[in-house]
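S.K.: Structure file run.cif (mmCIF, C-alpha atoms and all ligand atoms) is given on the next line.
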```
data_run
#
loop_
_atom_site.label_atom_id
_atom_site.label_comp_id
_atom_site.auth_asym_id
_atom_site.auth_seq_id
_atom_site.Cartn_x
_atom_site.Cartn_y
_atom_site.Cartn_z
CA MET A 28 75.48 103.96 -8.96
CA THR A 29 72.35 104.77 -6.96
CA SER A 30 71.23 103.46 -3.65
CA SER A 31 68.96 104.20 -0.79
CA PRO A 32 70.61 104.18 2.61
CA SER A 33 67.78 102.15 4.07
CA SER A 34 67.98 99.28 1.58
CA HIS A 35 69.04 95.88 2.89
CA SER A 36 71.80 93.87 1.31
CA PRO A 37 72.63 93.50 -1.44
CA SER A 38 73.15 97.25 -1.17
CA PRO A 39 74.71 98.85 -4.24
CA LEU A 40 76.81 100.98 -1.90
CA ALA A 41 78.41 97.92 -0.38
CA THR A 42 80.37 96.90 -3.45
CA PRO A 43 82.23 93.68 -2.79
CA PRO A 44 86.02 94.04 -2.96
CA ASN A 45 88.16 92.66 -5.74
CA VAL A 46 89.63 89.57 -4.13
CA TYR A 47 91.76 88.60 -7.13
CA ASP A 48 94.30 91.42 -7.26
CA ALA A 49 97.53 90.59 -5.50
CA GLU A 50 99.23 92.99 -3.10
CA PRO A 51 101.82 95.21 -4.75
CA ILE A 52 105.34 93.80 -4.56
CA PRO A 53 107.29 95.84 -1.97
CA ASP A 54 109.18 98.76 -3.49
CA ALA A 55 112.41 97.48 -1.97
CA VAL A 56 112.66 95.04 -4.87
CA ARG A 57 113.15 97.74 -7.49
CA ALA A 58 116.80 98.49 -6.76
CA GLU A 59 117.66 94.81 -6.81
CA ILE A 60 115.77 94.17 -10.06
CA ASP A 61 117.53 97.19 -11.58
CA ARG A 62 120.87 95.80 -10.51
CA LEU A 63 120.06 92.44 -12.08
CA LEU A 64 118.86 94.07 -15.29
CA GLN A 65 122.01 96.22 -15.47
CA SER A 66 124.33 93.29 -15.03
CA GLY A 67 122.21 90.78 -16.94
CA ASP A 68 122.97 88.37 -14.11
CA LEU A 69 119.72 86.40 -14.18
CA PHE A 70 121.00 82.82 -13.99
CA ARG A 71 121.50 81.46 -10.48
CA TYR A 72 124.84 79.86 -11.30
CA THR A 73 126.53 82.79 -13.09
CA ALA A 74 127.86 84.44 -9.95
CA ALA A 75 130.43 82.49 -7.92
CA GLN A 76 128.41 83.07 -4.76
CA ASP A 77 125.53 84.95 -3.14
CA ALA A 78 123.20 84.79 -6.14
CA PRO A 79 119.68 85.94 -5.16
CA VAL A 80 118.43 82.35 -5.52
CA THR A 81 121.11 81.08 -3.13
CA LEU A 82 120.40 83.85 -0.64
CA LEU A 83 116.70 83.07 -0.83
CA GLU A 84 117.43 79.44 0.00
CA GLN A 85 119.49 80.43 3.03
CA GLU A 86 116.92 82.93 4.25
CA PHE A 87 113.97 80.59 3.72
CA ALA A 88 115.67 77.67 5.46
CA ALA A 89 116.49 79.93 8.42
CA LEU A 90 112.94 81.29 8.51
CA MET A 91 111.46 77.79 8.59
CA GLY A 92 114.07 76.26 10.88
CA SER A 93 115.29 73.73 8.31
CA ARG A 94 118.86 72.79 7.44
CA TYR A 95 118.48 72.97 3.68
CA ALA A 96 116.32 74.63 1.03
CA LEU A 97 116.26 74.30 -2.76
CA ALA A 98 114.40 76.91 -4.78
CA VAL A 99 112.88 75.67 -8.03
CA SER A 100 110.46 76.72 -10.77
CA SER A 101 107.23 75.68 -9.00
CA CYS A 102 105.83 73.70 -6.09
CA SER A 103 104.93 71.00 -8.60
CA ALA A 104 108.61 70.80 -9.54
CA ALA A 105 109.50 70.61 -5.84
CA LEU A 106 107.06 67.71 -5.33
CA PHE A 107 108.39 65.90 -8.40
CA LEU A 108 112.00 66.37 -7.29
CA SER A 109 111.12 65.22 -3.76
CA LEU A 110 109.80 61.93 -5.11
CA LYS A 111 112.82 61.52 -7.42
CA ALA A 112 115.19 62.41 -4.57
CA LEU A 113 113.58 59.75 -2.36
CA GLY A 114 114.83 57.26 -4.94
CA LEU A 115 111.44 55.62 -5.41
CA PRO A 116 111.42 52.85 -7.98
CA ARG A 117 109.28 53.06 -11.12
CA ASP A 118 105.60 52.33 -10.36
CA ALA A 119 106.01 52.94 -6.62
CA ARG A 120 102.63 53.62 -5.03
CA VAL A 121 102.35 57.10 -3.52
CA LEU A 122 99.43 57.83 -1.19
CA ILE A 123 97.87 61.28 -1.63
CA PRO A 124 94.64 62.88 -0.39
CA GLY A 125 91.59 62.70 -2.65
CA PHE A 126 91.15 66.45 -2.12
CA THR A 127 94.09 68.32 -3.56
CA PHE A 128 95.11 70.26 -6.65
CA ALA A 129 95.60 68.27 -9.88
CA ALA A 130 99.29 69.23 -9.84
CA VAL A 131 99.81 66.75 -6.98
CA PRO A 132 98.76 63.51 -8.70
CA SER A 133 100.45 64.97 -11.78
CA SER A 134 103.78 65.25 -9.97
CA VAL A 135 103.45 61.60 -8.93
CA VAL A 136 102.78 60.54 -12.53
CA HIS A 137 105.69 62.69 -13.68
CA ALA A 138 107.97 60.83 -11.26
CA ASP A 139 106.89 57.52 -12.87
CA CYS A 140 104.99 56.58 -9.70
CA VAL A 141 101.36 55.60 -9.19
CA PRO A 142 99.06 57.88 -7.17
CA VAL A 143 96.75 56.15 -4.66
CA LEU A 144 93.96 58.38 -3.35
CA CYS A 145 92.62 58.33 0.19
CA GLU A 146 89.41 59.75 1.55
CA VAL A 147 89.12 63.25 2.96
CA GLY A 148 86.52 64.26 5.55
CA GLN A 149 83.93 67.03 5.74
CA ASN A 150 86.61 69.14 7.42
CA TYR A 151 88.86 68.92 4.29
CA ARG A 152 91.42 66.82 6.16
CA VAL A 153 92.76 63.35 5.48
CA ASP A 154 90.48 60.60 6.85
CA ILE A 155 92.93 58.82 9.11
CA ALA A 156 91.08 55.48 9.11
CA ASP A 157 91.10 55.30 5.30
CA PHE A 158 94.69 56.59 5.25
CA GLU A 159 95.82 53.82 7.57
CA ALA A 160 93.93 51.16 5.63
CA LYS A 161 95.50 52.27 2.32
CA LEU A 162 98.99 52.69 3.81
CA ASP A 163 99.32 48.94 4.12
CA GLY A 164 98.52 48.44 0.44
CA GLY A 165 102.14 48.58 -0.70
CA ILE A 166 102.56 52.34 -0.29
CA GLU A 167 106.18 53.50 -0.61
CA ALA A 168 105.75 57.23 -0.04
CA VAL A 169 103.08 59.70 1.09
CA ILE A 170 102.32 63.24 -0.01
CA ILE A 171 100.13 65.16 2.43
CA SER A 172 98.54 68.19 0.79
CA HIS A 173 97.65 70.81 3.36
CA MET A 174 94.90 71.80 0.96
CA ARG A 175 93.98 75.49 1.18
CA GLY A 176 96.10 75.48 4.33
CA HIS A 177 93.99 72.90 6.17
CA THR A 178 96.35 70.73 8.18
CA SER A 179 95.53 67.05 8.57
CA ASP A 180 96.38 65.24 11.78
CA MET A 181 100.15 65.24 11.31
CA ASP A 182 100.73 63.48 14.65
CA ALA A 183 98.67 60.49 13.54
CA ILE A 184 100.08 60.55 10.00
CA MET A 185 103.72 60.70 11.14
CA ALA A 186 103.18 57.96 13.72
CA LEU A 187 101.61 55.66 11.11
CA CYS A 188 104.29 56.40 8.50
CA ASP A 189 107.27 56.33 10.86
CA ALA A 190 106.18 52.95 12.19
CA ARG A 191 106.35 51.61 8.62
CA GLY A 192 109.41 53.57 7.49
CA ILE A 193 107.36 55.37 4.82
CA PRO A 194 108.64 58.87 3.95
CA VAL A 195 106.21 61.78 4.09
CA VAL A 196 106.39 64.70 1.67
CA GLU A 197 104.42 67.74 2.81
CA ASP A 198 102.71 69.69 0.05
CA ALA A 199 102.61 73.00 1.88
CA ALA A 200 102.12 74.97 -1.36
CA HIS A 201 99.33 76.99 0.18
CA SER A 202 100.30 76.70 3.85
CA LEU A 203 103.25 78.99 4.37
CA GLY A 204 103.01 80.39 7.90
CA THR A 205 100.81 77.63 9.28
CA THR A 206 102.08 75.86 12.38
CA TRP A 207 101.29 72.48 13.94
CA ASN A 208 102.07 72.19 17.65
CA GLY A 209 104.06 75.39 17.14
CA LYS A 210 106.23 73.81 14.42
CA ASN A 211 106.27 75.22 10.91
CA ILE A 212 104.27 73.26 8.38
CA GLY A 213 106.68 71.77 5.87
CA THR A 214 109.21 70.80 8.57
CA ILE A 215 107.26 67.81 9.91
CA GLY A 216 107.71 65.32 7.07
CA ARG A 217 110.98 64.31 5.40
CA VAL A 218 110.60 67.20 2.97
CA GLY A 219 108.25 70.17 2.63
CA CYS A 220 107.30 71.94 -0.61
CA PHE A 221 105.98 75.48 -1.05
CA SER A 222 104.69 77.54 -3.96
CA PHE A 223 105.40 81.15 -4.94
CA GLN A 224 102.69 81.17 -7.62
CA SER A 225 100.57 84.32 -7.54
CA TYR A 226 97.64 82.88 -5.57
CA LYS A 227 99.84 81.84 -2.66
CA LEU A 228 101.04 83.82 0.36
CA VAL A 229 104.25 84.92 -1.39
CA ASN A 230 103.83 85.90 -5.03
CA ALA A 231 106.60 85.66 -7.60
CA GLY A 232 104.25 84.78 -10.44
CA GLU A 233 105.80 81.32 -10.47
CA GLY A 234 108.27 79.54 -8.24
CA GLY A 235 108.62 76.97 -5.51
CA ILE A 236 110.98 75.76 -2.82
CA LEU A 237 111.61 72.56 -0.92
CA ILE A 238 113.03 72.29 2.59
CA THR A 239 114.53 69.31 4.37
CA ASP A 240 117.08 68.32 7.01
CA ASP A 241 118.24 65.37 4.90
CA ALA A 242 121.64 66.07 3.26
CA ASP A 243 121.46 63.14 0.88
CA LEU A 244 117.96 64.00 -0.26
CA VAL A 245 118.73 67.67 -0.88
CA ALA A 246 121.99 66.83 -2.69
CA ARG A 247 120.07 64.59 -5.07
CA ALA A 248 117.36 67.21 -5.55
CA VAL A 249 119.91 69.99 -6.16
CA ILE A 250 121.68 68.00 -8.86
CA MET A 251 118.45 66.91 -10.55
CA SER A 252 117.10 70.48 -10.40
CA GLY A 253 119.91 71.38 -12.80
CA ALA A 254 123.15 71.94 -10.84
CA TYR A 255 125.21 70.45 -13.62
CA GLU A 256 128.98 69.92 -13.32
CA HIS A 257 130.13 71.54 -10.07
CA ASN A 258 127.41 74.15 -9.73
CA TRP A 259 126.32 72.50 -6.48
CA GLN A 260 129.34 74.26 -4.96
CA LYS A 261 127.42 77.51 -5.36
CA HIS A 262 124.79 76.34 -2.91
CA GLY A 263 125.73 78.33 0.16
CA GLN A 264 125.59 75.51 2.69
CA ALA A 265 127.85 73.21 0.67
CA LYS A 266 131.05 74.80 1.95
CA ALA A 267 130.41 74.37 5.65
CA ASP A 268 128.62 71.04 5.63
CA ASP A 269 130.57 67.80 5.33
CA ALA A 270 127.48 65.60 5.06
CA LEU A 271 126.29 67.69 2.14
CA THR A 272 129.68 67.82 0.40
CA SER A 273 130.09 64.07 0.54
CA ALA A 274 126.51 63.59 -0.68
CA PHE A 275 127.22 65.81 -3.68
CA ALA A 276 130.41 63.86 -4.42
CA ARG A 277 128.48 60.60 -4.17
CA TRP A 278 125.81 61.67 -6.65
CA GLN A 279 127.98 63.61 -9.10
CA ASN A 280 127.25 62.39 -12.67
CA ASN A 281 124.84 59.74 -11.38
CA LEU A 282 121.56 61.58 -11.74
CA PRO A 283 119.61 63.05 -14.66
CA LEU A 284 119.25 66.83 -14.91
CA TYR A 285 115.66 68.02 -15.13
CA ASN A 286 116.47 71.74 -15.13
CA LEU A 287 113.75 73.11 -12.89
CA ARG A 288 115.78 76.06 -11.59
CA LEU A 289 114.47 79.40 -10.37
CA SER A 290 115.74 82.64 -11.95
CA ASN A 291 117.41 85.41 -9.96
CA LEU A 292 114.60 87.80 -10.91
CA SER A 293 111.99 85.56 -9.28
CA ALA A 294 114.18 85.07 -6.23
CA ALA A 295 114.52 88.84 -5.81
CA VAL A 296 110.72 89.19 -5.92
CA VAL A 297 110.33 86.46 -3.28
CA ARG A 298 113.06 87.83 -1.01
CA ALA A 299 111.39 91.25 -0.90
CA GLN A 300 108.25 89.60 0.48
CA LEU A 301 109.81 87.49 3.22
CA PRO A 302 109.47 90.34 5.74
CA GLU A 303 105.76 90.57 4.82
CA ILE A 304 104.95 86.95 5.71
CA ALA A 305 104.29 87.50 9.42
CA ARG A 306 101.86 90.34 8.72
CA ARG A 307 100.05 88.46 5.96
CA VAL A 308 99.69 85.43 8.22
CA ARG A 309 98.39 87.51 11.12
CA ASP A 310 95.93 89.53 9.01
CA GLY A 311 94.83 86.51 6.98
CA ARG A 312 94.05 84.56 10.15
CA ARG A 313 92.21 87.49 11.69
CA ASN A 314 90.15 88.00 8.50
CA HIS A 315 89.38 84.32 8.16
CA ASP A 316 88.31 83.89 11.77
CA TYR A 317 86.12 86.99 11.62
CA VAL A 318 84.28 85.83 8.50
CA ALA A 319 84.12 82.25 9.84
CA ASP A 320 82.36 83.44 13.00
CA ARG A 321 79.88 85.40 10.92
CA LEU A 322 79.17 82.55 8.47
CA ASN A 323 78.70 80.10 11.33
CA THR A 324 75.74 82.19 12.54
CA SER A 325 73.86 80.98 9.45
CA PRO A 326 72.13 77.59 9.70
CA TRP A 327 73.00 77.00 6.02
CA LEU A 328 76.75 77.60 6.25
CA ASN A 329 79.39 75.76 8.25
CA VAL A 330 83.08 76.55 8.54
CA PRO A 331 84.65 73.36 9.97
CA GLU A 332 86.77 73.69 13.10
CA LYS A 333 90.51 73.40 12.68
CA LEU A 334 92.32 70.66 14.59
CA ALA A 335 93.62 71.82 17.98
CA PRO A 336 97.40 71.78 17.23
CA GLU A 337 97.00 73.93 14.11
CA ASP A 338 97.46 77.69 13.86
CA ARG A 339 96.34 78.53 10.38
CA ALA A 340 97.52 81.10 7.84
CA PRO A 341 94.54 81.37 5.48
CA ASP A 342 94.14 83.62 2.46
CA SER A 343 90.75 82.16 1.59
CA ILE A 344 87.83 80.60 3.40
CA GLN A 345 86.15 77.25 2.87
CA PHE A 346 82.73 76.36 4.20
CA ASN A 347 80.14 73.66 3.65
CA LEU A 348 76.56 74.26 2.58
CA VAL A 349 74.25 72.54 5.04
CA GLY A 350 70.77 71.23 4.28
CA MET A 351 70.70 72.39 0.65
CA ASP A 352 69.96 70.18 -2.32
CA ASP A 353 71.96 70.32 -5.56
CA VAL A 354 69.62 72.89 -7.10
CA GLN A 355 69.92 75.17 -4.08
CA VAL A 356 73.70 74.80 -4.13
CA THR A 357 73.76 76.02 -7.73
CA GLU A 358 71.32 78.80 -6.89
CA PHE A 359 73.44 79.81 -3.90
CA ALA A 360 76.57 80.22 -6.04
CA GLN A 361 74.54 82.18 -8.59
CA ALA A 362 72.92 84.39 -5.93
CA ALA A 363 76.33 85.17 -4.43
CA ALA A 364 77.75 85.92 -7.90
CA ASP A 365 74.78 88.23 -8.62
CA ARG A 366 75.69 90.08 -5.42
CA GLY A 367 79.33 90.32 -6.54
CA VAL A 368 81.04 87.51 -4.63
CA LYS A 369 82.38 84.57 -6.60
CA VAL A 370 81.95 81.25 -4.81
CA GLN A 371 83.56 78.14 -6.17
CA VAL A 372 81.78 74.97 -5.13
CA PHE A 373 84.66 72.54 -5.66
CA GLY A 374 82.56 69.64 -6.92
CA GLN A 375 80.02 71.65 -8.91
CA SER A 376 82.16 73.92 -11.05
CA ARG A 377 82.85 72.32 -14.41
CA ASP A 378 86.30 70.73 -14.91
CA ASN A 379 87.45 71.86 -11.45
CA ALA A 380 91.10 70.83 -11.01
CA ARG A 381 90.49 70.02 -7.32
CA ALA A 382 87.73 67.47 -8.02
CA PHE A 383 89.39 64.06 -8.26
CA TRP A 384 86.95 62.75 -10.89
CA ASN A 385 88.42 65.30 -13.29
CA TRP A 386 91.90 63.73 -12.98
CA GLN A 387 91.14 61.52 -15.94
CA PHE A 388 94.85 61.31 -16.82
CA LEU A 389 95.00 58.77 -13.96
CA GLY A 390 93.02 56.28 -16.01
CA GLN A 391 91.10 54.51 -13.29
CA ILE A 392 89.56 56.91 -10.78
CA PRO A 393 88.49 55.53 -7.39
CA ALA A 394 85.02 56.18 -5.98
CA LEU A 395 85.92 58.05 -2.74
CA PRO A 396 82.25 58.60 -1.80
CA GLN A 397 83.05 60.60 1.34
CA THR A 398 85.37 63.00 -0.47
CA ARG A 399 82.84 63.37 -3.29
CA THR A 400 80.06 64.24 -0.84
CA MET A 401 82.27 66.89 0.75
CA LEU A 402 83.28 68.38 -2.62
CA MET A 403 79.63 68.71 -3.69
CA ARG A 404 78.95 71.07 -0.75
CA ALA A 405 82.34 72.68 -0.07
CA CYS A 406 82.67 76.31 -1.09
CA ASP A 407 85.79 78.36 -1.67
CA VAL A 408 86.00 82.16 -1.40
CA ARG A 409 89.20 84.14 -1.63
CA LEU A 410 89.94 86.34 1.38
CA PRO A 411 93.25 88.13 0.88
CA ALA A 412 94.99 89.54 3.95
CA ARG A 413 94.69 93.12 2.66
CA LEU A 414 90.86 93.23 3.06
CA THR A 415 89.37 95.65 5.56
CA ARG A 416 86.77 94.81 8.18
CA ALA A 417 84.12 96.62 6.11
CA GLU A 418 85.02 94.59 3.04
CA LEU A 419 84.87 91.37 5.06
CA ASP A 420 81.41 92.35 6.26
CA VAL A 421 80.26 92.86 2.69
CA ILE A 422 81.47 89.38 1.76
CA ALA A 423 79.87 87.80 4.83
CA ASP A 424 76.61 89.68 4.23
CA VAL A 425 76.51 88.51 0.63
CA LEU A 426 77.12 84.87 1.53
CA ILE A 427 74.62 84.80 4.38
CA GLY A 428 72.11 86.75 2.29
CA ALA A 429 72.52 84.41 -0.70
CA ALA A 430 71.96 81.37 1.52
CA ASP A 431 68.86 82.93 3.05
CA ALA A 432 67.52 83.90 -0.37
CA VAL A 433 67.81 80.48 -2.00
CA THR A 434 66.45 78.64 1.02
CA ALA A 435 63.57 81.12 1.49
CA ASP A 436 62.66 80.87 -2.22
CA ARG A 437 62.44 77.12 -2.04
CA LYS A 438 60.31 77.20 1.07
CA ALA A 439 58.03 79.79 -0.47
CA PHE A 440 57.46 77.58 -3.48
CA GLY A 441 56.80 74.59 -1.28
CA THR A 442 59.54 72.34 -2.59
C1 LIG A 501 99.17 75.79 -5.82
C2 LIG A 501 99.27 74.42 -5.30
C3 LIG A 501 100.15 73.48 -5.88
C4 LIG A 501 100.96 73.78 -7.11
O1 LIG A 501 101.86 74.85 -6.94
P1 LIG A 501 102.65 75.39 -8.24
O2 LIG A 501 103.71 76.26 -7.68
O3 LIG A 501 101.66 76.17 -9.05
O4 LIG A 501 103.17 74.22 -8.98
C5 LIG A 501 100.22 72.22 -5.32
N1 LIG A 501 99.48 71.90 -4.24
C6 LIG A 501 98.63 72.75 -3.66
C7 LIG A 501 97.85 72.33 -2.46
C8 LIG A 501 98.49 74.03 -4.18
O5 LIG A 501 97.63 74.89 -3.60
#
```
Translate the structure described by the file into structure tokens.

M.R.:
Amino acid sequence: MTSSPSSHSPSPLATPPNVYDAEPIPDAVRAEIDRLLQSGDLFRYTAAQDAPVTLLEQEFAALMGSRYALAVSSCSAALFLSLKALGLPRDARVLIPGFTFAAVPSSVVHADCVPVLCEVGQNYRVDIADFEAKLDGGIEAVIISHMRGHTSDMDAIMALCDARGIPVVEDAAHSLGTTWNGKNIGTIGRVGCFSFQSYKLVNAGEGGILITDDADLVARAVIMSGAYEHNWQKHGQAKADDALTSAFARWQNNLPLYNLRLSNLSAAVVRAQLPEIARRVRDGRRNHDYVADRLNTSPWLNVPEKLAPEDRAPDSIQFNLVGMDDVQVTEFAQAAADRGVKVQVFGQSRDNARAFWNWQFLGQIPALPQTRTMLMRACDVRLPARLTRAELDVIADVLIGAADAVTADRKAFGT
């Protein structure tokens, strides 16, 4: 690779970092994995007590300040089980944001319910006016996706839903470590769901967990997750908690088993990363805010402000392209890619799973003009917590440089 020290970006010396590789899993996990491999004890219900999955549930609940946790095979499974555990009737209407991952409407369909989409604003958060209007259209439950960690106005949402007795499920898949008014995201609604898939803050390849303070709800979810016969007794809290024990007794043999359990191997990988969460949150926030400040110096790029009660835990950055037409948007993504930084424009990349018009499995897809406008200009760049200041500068330089290049070109050609 050759370069001249005086050249301006894109400088070949300033190679953009690989933002896709995960952090190594802490070494501490090796002894535990070895132990599990030696004993072959991979199923959460083999041991009478203290299986890694059970310990993970206890540790995660304590970390979040919730009474109960249930670890399962994915966040999608946690969302599905939440809806089933709420006891929603077939065809119940579930309000979800129009900007979320396709797994969210899918979990609603899987639970035999009907997703209803509401508008999302330029700041990636639920449009409260549209939310309120749709809430009175026979909605029986709500899932709020804190998409890419962006927290919607949970005070307004909870007030509207509580007044109508509508339960709120928080999809906090990508929000672990975020707080709202100092309270952990996922503990505000009736139930909160998190993901341990590799692109989230804690990486077990696959996995998920739900948290709640509701004994009846968690008992139902535990049984349906696959605690057949009396395996619910192996859930640590069951022994000391009368409300939970009586809920298990009430639901015994009365619920289908969907078998969405987590394996002990995955739980061991998650547990080893719990002590890393605080650092990843701190570094992710610092990185995000640094790059956000830099991008906001460009007239072409805008990182929306968070809402005041939120402290975010980002591992990526989202920003809107300002004053560019569709051609320039495409050129911007290409110019950034040519400089080594991959930008996903949610609404422009083909078959994007976060663009609601691609959720064709829903049959009828609503118009959601505001959400569509946002998606056509909203960009997504990964920004893992492990990046250094120099690497962040390379990414910011590339993005600002790409925006300047495509806007300058167009001006030069008089279009
Ligand atoms: C990743 C993600 C999911 C799905 O999580 P899985 O564990 O892969 O099922 C759901 N919602 C959001 C907002 C996500 O980011």

S.K.: Write out as number ranges by chain each polymer residue whose atoms come within 10 Å of Phe87 of chain A, counting only C-alpha atoms; drop sequence neighbours fewer than 3 positions from it.

M.R.: A: 81-84, 90-98, 236-238, 297-298, 301

S.K.: Within 8 Å of ligand LIG 501 (chain A), counting only C-alpha atoms and all ligand atoms: which residues, as a ChimeraX atom specification?

M.R.: /A:100-105,127-131,172-176,198-201,221-224,226-227,233-235

S.K.: Print the selection's residues with C-alpha atoms to a file, as a PDB file, keeping the file's coordinate frame.

M.R.:
```
ATOM      1  CA  SER A 100     110.460  76.720 -10.770  1.00  0.00           C
ATOM      2  CA  SER A 101     107.230  75.680  -9.000  1.00  0.00           C
ATOM      3  CA  CYS A 102     105.830  73.700  -6.090  1.00  0.00           C
ATOM      4  CA  SER A 103     104.930  71.000  -8.600  1.00  0.00           C
ATOM      5  CA  ALA A 104     108.610  70.800  -9.540  1.00  0.00           C
ATOM      6  CA  ALA A 105     109.500  70.610  -5.840  1.00  0.00           C
ATOM      7  CA  THR A 127      94.090  68.320  -3.560  1.00  0.00           C
ATOM      8  CA  PHE A 128      95.110  70.260  -6.650  1.00  0.00           C
ATOM      9  CA  ALA A 129      95.600  68.270  -9.880  1.00  0.00           C
ATOM     10  CA  ALA A 130      99.290  69.230  -9.840  1.00  0.00           C
ATOM     11  CA  VAL A 131      99.810  66.750  -6.980  1.00  0.00           C
ATOM     12  CA  SER A 172      98.540  68.190   0.790  1.00  0.00           C
ATOM     13  CA  HIS A 173      97.650  70.810   3.360  1.00  0.00           C
ATOM     14  CA  MET A 174      94.900  71.800   0.960  1.00  0.00           C
ATOM     15  CA  ARG A 175      93.980  75.490   1.180  1.00  0.00           C
ATOM     16  CA  GLY A 176      96.100  75.480   4.330  1.00  0.00           C
ATOM     17  CA  ASP A 198     102.710  69.690   0.050  1.00  0.00           C
ATOM     18  CA  ALA A 199     102.610  73.000   1.880  1.00  0.00           C
ATOM     19  CA  ALA A 200     102.120  74.970  -1.360  1.00  0.00           C
ATOM     20  CA  HIS A 201      99.330  76.990   0.180  1.00  0.00           C
ATOM     21  CA  PHE A 221     105.980  75.480  -1.050  1.00  0.00           C
ATOM     22  CA  SER A 222     104.690  77.540  -3.960  1.00  0.00           C
ATOM     23  CA  PHE A 223     105.400  81.150  -4.940  1.00  0.00           C
ATOM     24  CA  GLN A 224     102.690  81.170  -7.620  1.00  0.00           C
ATOM     25  CA  TYR A 226      97.640  82.880  -5.570  1.00  0.00           C
ATOM     26  CA  LYS A 227      99.840  81.840  -2.660  1.00  0.00           C
ATOM     27  CA  GLU A 233     105.800  81.320 -10.470  1.00  0.00           C
ATOM     28  CA  GLY A 234     108.270  79.540  -8.240  1.00  0.00           C
ATOM     29  CA  GLY A 235     108.620  76.970  -5.510  1.00  0.00           C
TER      30      GLY A 235
END
```

S.K.: Up to 9 Å from (89.0, 70.1, -3.0) in the file's coordinates: name the residues, counting all atoms listed in the file, as a PDB file with C-alpha atoms, keeping the file's coordinate frame.

M.R.:
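What landed in selection09.pdb:
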```pdb
ATOM      1  CA  GLY A 125      91.590  62.700  -2.650  1.00  0.00           C
ATOM      2  CA  PHE A 126      91.150  66.450  -2.120  1.00  0.00           C
ATOM      3  CA  THR A 127      94.090  68.320  -3.560  1.00  0.00           C
ATOM      4  CA  PHE A 128      95.110  70.260  -6.650  1.00  0.00           C
ATOM      5  CA  TYR A 151      88.860  68.920   4.290  1.00  0.00           C
ATOM      6  CA  MET A 174      94.900  71.800   0.960  1.00  0.00           C
ATOM      7  CA  ARG A 175      93.980  75.490   1.180  1.00  0.00           C
ATOM      8  CA  VAL A 372      81.780  74.970  -5.130  1.00  0.00           C
ATOM      9  CA  PHE A 373      84.660  72.540  -5.660  1.00  0.00           C
ATOM     10  CA  GLY A 374      82.560  69.640  -6.920  1.00  0.00           C
ATOM     11  CA  ASN A 379      87.450  71.860 -11.450  1.00  0.00           C
ATOM     12  CA  ALA A 380      91.100  70.830 -11.010  1.00  0.00           C
ATOM     13  CA  ARG A 381      90.490  70.020  -7.320  1.00  0.00           C
ATOM     14  CA  ALA A 382      87.730  67.470  -8.020  1.00  0.00           C
ATOM     15  CA  PHE A 383      89.390  64.060  -8.260  1.00  0.00           C
ATOM     16  CA  THR A 398      85.370  63.000  -0.470  1.00  0.00           C
ATOM     17  CA  MET A 401      82.270  66.890   0.750  1.00  0.00           C
ATOM     18  CA  LEU A 402      83.280  68.380  -2.620  1.00  0.00           C
ATOM     19  CA  ALA A 405      82.340  72.680  -0.070  1.00  0.00           C
ATOM     20  CA  ASP A 407      85.790  78.360  -1.670  1.00  0.00           C
TER      21      ASP A 407
END
```

S.K.: Considering only C-alpha atoms, state which residue in the set A:Val195, A:Ala112, A:Ala319, A:Leu162 is at the smallest distance from Glu332 of chain A.

M.R.: A:Ala319

S.K.: Using all atoms listed in the file, which of the listed residues (A:Leu414, A:Val368, A:Val80, A:Met251) sits closest to Asp48 of chain A?

M.R.: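 Under the stated criterion, the closest residue is A:Leu414.
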
S.K.: My list of candidates is A:Val408, A:Asp241, A:Ala55, A:Asn286. Which is closest to Gly253 of chain A when distances are computed with all atoms listed in the file?

M.R.: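 So, comparing all the options, the nearest one is A:Asn286.
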
S.K.: Pick out the closest residue to Val425 of chain A from this set: A:Asn329, A:Ala360, A:Ala412, A:Arg404. Count only C-alpha atoms.

M.R.: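 When distances to Val425 of chain A are compared using only C-alpha atoms, the smallest one comes from A:Ala360.
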
S.K.: Take atom CA of Ala363 of chain A and atom CA of Asn347 of chain A and report the distance between them in Å, one decimal.

M.R.: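 Atom-to-atom, atom CA of Ala363 of chain A to atom CA of Asn347 of chain A, that is 14.6 Å.
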
S.K.: I'd like to know which of A:Ile212, A:Cys406, A:Val147, A:Ala294 is closest to Glu197 of chain A, using only C-alpha atoms.

M.R.: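 Ranked by minimum distance to Glu197 of chain A, first place goes to A:Ile212.
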
S.K.: Between A:Phe346, A:Tyr47, A:Phe359, A:Tyr317, single out the one closest to Asn150 of chain A, counting all atoms listed in the file.

M.R.: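 Between A:Phe346, A:Tyr47, A:Phe359, A:Tyr317, the residue approaching Asn150 of chain A most closely is A:Phe346.
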
S.K.: Could you check how far atom CA of Ser252 of chain A sits from atom CA of Lys111 of chain A, in Å to one decimal?

M.R.: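 Distance reported for this atom pair: 10.4 Å.
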
S.K.: Atom CA of Thr178 of chain A and atom CA of Arg152 of chain A, how far apart in Å?

M.R.: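 Atom CA of Thr178 of chain A lies at a distance of 6.6 Å from atom CA of Arg152 of chain A.
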
S.K.: List as a PyMOL selection string the protein and nucleic acid residues near Pro124 of chain A, meaning an atom at most 8 Å away when only C-alpha atoms are counted, but skip any in the same chain fewer than 6 places from it.

M.R.: chain A and resi 144-147+153+170-172

S.K.: Do you know which residues are at most 10 Å from Val135 of chain A counting all atoms listed in the file, after dropping those on the same chain fewer than 4 positions away, and could you put them as JSON, numbers by chain?

M.R.: {"A": [103, 106, 107, 108, 109, 110, 111, 118, 119, 120, 121, 122, 123, 130, 131, 139, 140, 141, 142, 143, 170]}
